[in-house]
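Data from data-v8.cif: mmCIF, C-alpha atoms and all ligand atoms
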data_final
loop_
_atom_site.label_atom_id
_atom_site.label_comp_id
_atom_site.auth_asym_id
_atom_site.auth_seq_id
_atom_site.Cartn_x
_atom_site.Cartn_y
_atom_site.Cartn_z
CA MET B 239 16.16 16.09 -74.12
CA ILE B 240 12.89 16.02 -76.09
CA PHE B 241 11.01 19.13 -77.16
CA GLY B 242 7.23 18.93 -77.46
CA ILE B 243 6.20 21.33 -80.22
CA ILE B 244 2.52 22.27 -80.41
CA GLY B 245 0.54 24.25 -82.96
CA ALA B 246 -3.23 24.55 -82.92
CA MET B 247 -3.83 24.45 -86.68
CA ASP B 248 -2.28 22.81 -89.76
CA GLU B 249 -1.01 26.18 -90.99
CA GLU B 250 0.94 26.62 -87.77
CA ILE B 251 2.85 23.32 -87.94
CA GLU B 252 3.07 22.72 -91.70
CA LYS B 253 6.55 24.18 -92.19
CA ILE B 254 7.97 22.15 -89.30
CA LYS B 255 6.34 18.95 -90.57
CA ASN B 256 7.81 19.54 -94.03
CA GLU B 257 11.31 20.29 -92.76
CA MET B 258 11.66 17.77 -89.92
CA GLU B 259 13.00 14.28 -90.28
CA ILE B 260 10.03 12.13 -89.25
CA GLU B 261 11.04 8.85 -87.57
CA LYS B 262 7.70 7.65 -86.29
CA LYS B 263 4.03 8.64 -86.23
CA PHE B 264 1.63 7.86 -83.39
CA VAL B 265 -2.11 8.34 -83.22
CA LYS B 266 -3.73 9.00 -79.88
CA ALA B 267 -6.91 10.89 -78.94
CA LYS B 268 -7.72 11.32 -82.66
CA THR B 269 -4.47 13.26 -83.01
CA ILE B 270 -1.24 12.53 -84.91
CA PHE B 271 2.07 12.92 -83.06
CA TYR B 272 5.23 13.14 -85.23
CA LYS B 273 8.43 12.01 -83.54
CA GLY B 274 11.71 12.99 -85.18
CA VAL B 275 14.50 15.53 -85.49
CA PHE B 276 14.23 19.24 -86.29
CA GLU B 277 17.11 21.72 -86.25
CA GLY B 278 19.29 18.99 -84.75
CA LYS B 279 16.98 18.44 -81.75
CA LYS B 280 14.66 15.57 -80.85
CA ILE B 281 11.07 16.71 -81.09
CA VAL B 282 7.51 15.47 -80.95
CA LEU B 283 5.34 17.67 -83.15
CA VAL B 284 1.57 17.81 -82.83
CA ARG B 285 -1.41 19.79 -84.07
CA CYS B 286 -3.61 20.02 -80.99
CA GLY B 287 -6.72 21.62 -82.51
CA ILE B 288 -8.31 24.89 -81.51
CA GLY B 289 -9.18 25.95 -77.98
CA LYS B 290 -8.13 25.40 -74.39
CA VAL B 291 -9.52 21.89 -73.88
CA ASN B 292 -7.79 20.49 -76.97
CA ALA B 293 -4.57 22.21 -75.98
CA ALA B 294 -4.63 20.85 -72.42
CA ILE B 295 -5.39 17.26 -73.48
CA ILE B 296 -2.60 17.20 -76.03
CA THR B 297 -0.05 18.88 -73.76
CA GLN B 298 -0.73 16.25 -71.09
CA LEU B 299 -0.29 13.47 -73.67
CA LEU B 300 3.00 14.97 -74.81
CA ILE B 301 4.21 14.85 -71.23
CA SER B 302 2.76 11.53 -70.06
CA GLU B 303 2.93 9.41 -73.22
CA TYR B 304 5.76 10.90 -75.23
CA GLU B 305 7.92 12.07 -72.31
CA VAL B 306 8.81 15.51 -73.59
CA ASP B 307 10.98 17.66 -71.31
CA ILE B 308 10.17 21.11 -72.69
CA ILE B 309 7.02 22.42 -74.34
CA ILE B 310 7.01 25.13 -76.99
CA ASN B 311 3.86 26.42 -78.67
CA THR B 312 4.18 28.21 -81.99
CA GLY B 313 1.39 29.99 -83.82
CA VAL B 314 -0.58 33.14 -84.49
CA ALA B 315 -2.48 35.58 -82.29
CA GLY B 316 -4.52 38.75 -82.32
CA GLY B 317 -2.57 41.84 -81.25
CA VAL B 318 -4.01 43.56 -78.17
CA LYS B 319 -1.63 46.44 -77.44
CA GLU B 320 -2.17 49.18 -80.04
CA GLU B 321 1.50 49.40 -81.05
CA ILE B 322 1.68 45.72 -81.99
CA GLU B 323 1.40 45.21 -85.75
CA ILE B 324 0.57 42.27 -88.00
CA GLY B 325 3.70 40.14 -88.40
CA ASP B 326 5.24 41.21 -85.06
CA ILE B 327 6.24 38.52 -82.59
CA VAL B 328 5.17 38.14 -78.96
CA VAL B 329 7.20 35.87 -76.68
CA SER B 330 5.31 34.95 -73.50
CA THR B 331 6.46 36.12 -70.10
CA ASP B 332 3.35 34.48 -68.65
CA VAL B 333 -0.01 33.22 -69.81
CA LEU B 334 -3.49 33.58 -68.33
CA GLU B 335 -6.99 32.25 -69.06
CA HIS B 336 -8.86 35.51 -69.73
CA ASP B 337 -12.31 33.87 -69.80
CA PHE B 338 -11.99 32.37 -66.29
CA ASP B 339 -14.29 34.41 -64.08
CA ALA B 340 -14.73 33.63 -60.37
CA THR B 341 -14.88 37.31 -59.41
CA SER B 342 -18.11 36.74 -57.47
CA PHE B 343 -15.99 34.79 -54.95
CA GLY B 344 -13.49 37.63 -54.72
CA TYR B 345 -10.87 36.18 -57.07
CA PRO B 346 -9.25 38.48 -59.60
CA LEU B 347 -10.50 38.00 -63.17
CA GLY B 348 -8.52 35.19 -64.83
CA GLN B 349 -7.58 33.46 -61.57
CA ILE B 350 -8.53 29.83 -61.17
CA PRO B 351 -9.99 29.37 -57.67
CA ARG B 352 -7.81 27.47 -55.19
CA LEU B 353 -4.78 27.59 -57.44
CA GLU B 354 -2.01 29.63 -55.91
CA VAL B 355 -1.05 31.58 -59.04
CA LEU B 356 -2.85 34.11 -61.24
CA GLY B 357 -1.01 33.23 -64.46
CA PHE B 358 1.62 30.69 -65.47
CA ASN B 359 5.19 31.85 -65.96
CA ALA B 360 7.11 30.82 -69.05
CA ASP B 361 10.66 29.52 -68.69
CA LYS B 362 13.18 32.38 -68.33
CA TYR B 363 15.96 30.65 -70.24
CA LEU B 364 13.66 29.98 -73.21
CA ILE B 365 12.40 33.58 -73.12
CA ASP B 366 15.98 34.90 -73.25
CA LEU B 367 16.92 32.55 -76.06
CA ALA B 368 13.89 33.66 -78.08
CA ILE B 369 14.53 37.36 -77.54
CA ASN B 370 18.31 37.24 -78.09
CA SER B 371 18.21 35.13 -81.21
CA SER B 372 15.27 36.92 -82.80
CA GLU B 373 16.45 40.49 -82.19
CA LYS B 374 19.61 39.75 -84.15
CA GLU B 375 18.00 37.95 -87.04
CA LEU B 376 14.49 39.30 -87.68
CA GLU B 377 14.46 41.12 -91.04
CA TYR B 378 11.49 43.33 -90.22
CA GLY B 379 8.90 43.88 -87.50
CA SER B 380 9.32 43.92 -83.73
CA VAL B 381 9.68 41.29 -81.05
CA TYR B 382 7.82 41.86 -77.78
CA LYS B 383 8.09 40.06 -74.47
CA GLY B 384 4.82 40.12 -72.51
CA ARG B 385 1.69 38.46 -71.23
CA ILE B 386 -0.33 36.33 -73.62
CA VAL B 387 -3.96 35.66 -72.74
CA SER B 388 -6.10 32.76 -73.98
CA GLY B 389 -9.80 32.01 -74.06
CA ASP B 390 -12.34 30.06 -76.06
CA ILE B 391 -13.27 33.20 -77.99
CA PHE B 392 -12.01 34.58 -81.31
CA VAL B 393 -11.68 38.24 -80.35
CA SER B 394 -12.93 40.59 -83.05
CA SER B 395 -14.15 43.75 -81.34
CA GLN B 396 -12.48 46.89 -80.12
CA GLU B 397 -14.48 46.62 -76.89
CA MET B 398 -13.23 43.16 -75.91
CA LYS B 399 -9.71 43.99 -77.01
CA LYS B 400 -9.73 47.06 -74.73
CA LYS B 401 -10.90 44.89 -71.83
CA LEU B 402 -8.02 42.46 -72.36
CA CYS B 403 -5.60 45.36 -72.40
CA ASP B 404 -7.09 47.14 -69.36
CA ASN B 405 -7.77 44.04 -67.22
CA PHE B 406 -4.66 42.00 -67.97
CA ASN B 407 -2.11 44.20 -69.73
CA ALA B 408 -2.21 41.55 -72.47
CA TYR B 409 0.11 41.87 -75.46
CA CYS B 410 -1.85 39.43 -77.62
CA VAL B 411 -4.74 37.01 -77.45
CA GLU B 412 -5.16 33.48 -78.73
CA MET B 413 -7.00 30.31 -77.75
CA GLU B 414 -4.47 27.74 -76.44
CA GLY B 415 -1.35 29.19 -74.81
CA ALA B 416 -2.67 29.47 -71.25
CA ALA B 417 -4.01 25.91 -71.32
CA ILE B 418 -0.58 24.71 -72.46
CA GLY B 419 1.10 26.78 -69.75
CA HIS B 420 -1.38 25.55 -67.13
CA THR B 421 -0.73 21.91 -68.04
CA ALA B 422 3.02 22.44 -68.11
CA TYR B 423 2.83 24.14 -64.69
CA ILE B 424 1.02 21.31 -62.94
CA ASN B 425 3.55 18.86 -64.41
CA ASN B 426 6.57 21.01 -63.49
CA LYS B 427 7.69 21.33 -67.11
CA PRO B 428 9.25 24.43 -68.68
CA PHE B 429 7.27 26.02 -71.49
CA LEU B 430 7.25 28.94 -73.90
CA ILE B 431 4.56 30.40 -76.14
CA ILE B 432 5.68 32.15 -79.34
CA ARG B 433 3.00 33.92 -81.36
CA SER B 434 3.17 36.08 -84.45
CA ILE B 435 0.37 38.57 -85.03
CA SER B 436 -2.16 37.63 -87.75
CA ASP B 437 -4.75 40.32 -86.89
CA LYS B 438 -5.43 43.08 -84.41
CA ALA B 439 -8.39 41.42 -82.62
CA ASP B 440 -10.70 44.17 -83.88
CA GLY B 441 -13.51 44.51 -86.44
CA SER B 442 -11.13 43.50 -89.26
CA ALA B 443 -9.78 40.49 -87.37
CA ASN B 444 -11.52 37.78 -89.42
CA ASP B 445 -10.39 39.18 -92.78
CA ASN B 446 -6.88 39.90 -91.53
CA PHE B 447 -6.62 36.44 -89.98
CA ASN B 448 -7.46 34.77 -93.30
CA GLU B 449 -4.99 36.96 -95.16
CA PHE B 450 -2.06 36.76 -92.76
CA VAL B 451 -2.33 33.38 -91.02
CA ASP B 452 0.30 31.76 -93.27
CA LEU B 453 2.79 34.60 -93.06
CA ALA B 454 2.43 34.91 -89.28
CA SER B 455 2.69 31.13 -88.79
CA GLU B 456 5.94 31.11 -90.74
CA ARG B 457 7.42 33.97 -88.75
CA SER B 458 6.67 32.22 -85.47
CA VAL B 459 8.33 29.03 -86.72
CA GLY B 460 11.36 31.17 -87.66
CA ILE B 461 11.81 32.08 -83.99
CA LEU B 462 11.28 28.47 -82.92
CA LYS B 463 14.05 27.35 -85.29
CA ARG B 464 16.46 29.86 -83.80
CA ILE B 465 15.63 28.72 -80.27
CA LEU B 466 16.23 25.07 -81.13
CA LYS B 467 19.44 25.89 -82.97
CA SER B 468 20.93 27.77 -80.03
CA TYR B 469 19.54 25.59 -77.18
N1 LIG Z 501 -5.78 33.86 -82.93
C1 LIG Z 501 -5.43 34.72 -83.91
N2 LIG Z 501 -6.17 35.84 -83.84
C2 LIG Z 501 -7.00 35.69 -82.79
C3 LIG Z 501 -8.01 36.50 -82.21
N3 LIG Z 501 -8.30 37.69 -82.72
N4 LIG Z 501 -8.67 36.02 -81.13
C4 LIG Z 501 -8.38 34.80 -80.63
N5 LIG Z 501 -7.45 34.00 -81.14
C5 LIG Z 501 -6.75 34.43 -82.21
#
In C-alpha cells, how does this file's structure come out?
Ligand code: ADE
Amino acid sequence: MIFGIIGAMDEEIEKIKNEMEIEKKFVKAKTIFYKGVFEGKKIVLVRCGIGKVNAAIITQLLISEYEVDIIINTGVAGGVKEEIEIGDIVVSTDVLEHDFDATSFGYPLGQIPRLEVLGFNADKYLIDLAINSSEKELEYGSVYKGRIVSGDIFVSSQEMKKKLCDNFNAYCVEMEGAAIGHTAYINNKPFLIIRSISDKADGSANDNFNEFVDLASERSVGILKRILKSY
C-alpha cells in the first residue's frame, strides 16, 4: 500500500520532507517526487505547485508513474463558513471546482458538463480516521467535516466568500483539492483533502495568509500523521 501525499507549496510539505526517511528521489514534469517511509507507511511525497492544472498533472503522475493506492492532500485554505477560525481543520466530505461555469447550458454551477457527478466524494474510511484521531488529540481549535471548493482564484473578498457559502455550502476554499479529487475519481482511487485555515478569504486574507501559512500547514500535517499512524 503506497500513499501519495501532495502539498501545493513548500511550506505545506516541509515538515513531512524533514521527518520522512527518503529512499529515492525522482524528477518528472519539472517536479521532485520523494519516495520513502513516513509514520511507518510507504509514501511518495510531492509539491505539486499552485492551482488546479498543476494539481491534476501531478496527481495523475502519482497514480500512473509511482503507483500510489491512496491520495491525501495536506495544506492550508481560506475559511468560508463564518464560524471557522484560523487554525481550524476542515476534512473533505467532497470537493468541487467552484470556477467551473456551464450554467448557460443548464448545468448547476460547479458541474463539469457530461460528467455524471457534481462534486467528487472523498473516501469515507479516510474521513472517519481523520475525524476520530483528530478529535481526541487536537490541543485547540475545531475539526470540521464538509465540502471544500477549489478554483484558480485566491479569494480575498467578502462578496466572493459569501457566494461560495451560498452557492456551494463550502466550508473552505483553496486552489487544488477538487483537481486532485477529480483525478482520483477518474482513476478510481480513494482520496482525502485535509486543510487547516490560514485566513478567512476576506479583505485581510493576504496578510493573514502570510502570517499563518506555516502554523496552518503544520496543523494539517499533524492530522495526516495521525491518519497514517492509525491506518
Ligand atoms: N488558500 C489559502 N487561503 C486561500 C484563499 N483565501 N483562497 C484560495 N486559496 C487559499
*Excluding same-chain residues fewer than 3 positions from Ile270 in chain B, what lies within 10 Å of it counting all atoms listed in the file, as a list in words?*
Lys263, Phe264, Val265, Lys266, Ala267, Lys273, Leu283, Val284, Arg285 and Cys286 of chain B
_Within 8 Å of file point (1.0, 37.6, -80.3), counting all atoms listed in the file, expressed as a PyMOL selection string_ = chain B and resi 314-317+326-329+386+409-412+432-435
*Which one of B:Val381, B:Ile295, B:Ala422, B:Val387 sits closest to Glu321 in chain B if you count only C-alpha atoms?*
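Answer, going by the shortest atom-to-atom distance: B:Val381.
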_Of the listed residues B:Ile288, B:Ala417, B:Leu402, B:Ile391, that which approaches ligand LIG 501 (chain Z) most closely, counting all atoms listed in the file_ = B:Ile391
_Between CA of Glu259 in chain B and CA of Lys280 in chain B - distance in Å to one decimal_ =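 CA of Glu259 in chain B lies 9.7 Å from CA of Lys280 in chain B.
Using all atoms listed in the file, the shortest contact distance between Gly419 in chain B and any of B:Leu466, B:Val333, B:Met398, B:Met258 is found at B:Val333.
Distance-wise, CA of Ser395 in chain B and CA of Gly441 in chain B end up 5.2 Å apart.
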*Excluding Met239 in chain B and any residue of its chain fewer than 2 positions from it, enumerate the residues within 12 Å of it, using only C-alpha atoms, and give them as a ChimeraX atom specification.*
/B:241-242,275,278-282,304-309,466,469
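Taking CA of Gly384 in chain B and CA of Asn407 in chain B as the two end points, the separation is 8.5 Å.
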_Long-range neighbours of Leu334 in chain B as a VMD selection string, 10 Å cut-off, only C-alpha atoms, 6 positions minimum in chain_ = chain B and resid 347 to 350 355 to 359 385 to 389 406 408 411 415 to 417 419 to 420
*Asp440 in chain B: which residues within 9 Å, counting only C-alpha atoms, same-chain residues fewer than 2 positions away excluded, as a list in words?*
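Within the cut-off, the hits are Gly316, Gly317, Val318, Val393, Ser394, Ser395, Gln396, Glu397, Met398, Lys399, Asp437, Lys438, Ser442, Ala443 and Asn444 of chain B.
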Rows by chain and residue number, range 345-404 of chain B within 10 Å of range 445-462 of chain B, shortest pair, only C-alpha atoms, as a tab-separated table:
residue	atom	partner	partner_atom	distance
B:Leu367	CA	B:Ile461	CA	9.4
B:Ala368	CA	B:Ile461	CA	6.5
B:Ile369	CA	B:Ile461	CA	8.8
B:Ser371	CA	B:Ile461	CA	7.6
B:Ser372	CA	B:Ile461	CA	6.1
B:Glu373	CA	B:Ile461	CA	9.8
B:Glu375	CA	B:Ile461	CA	9.1
B:Leu376	CA	B:Ile461	CA	8.5
B:Val381	CA	B:Ile461	CA	9.9
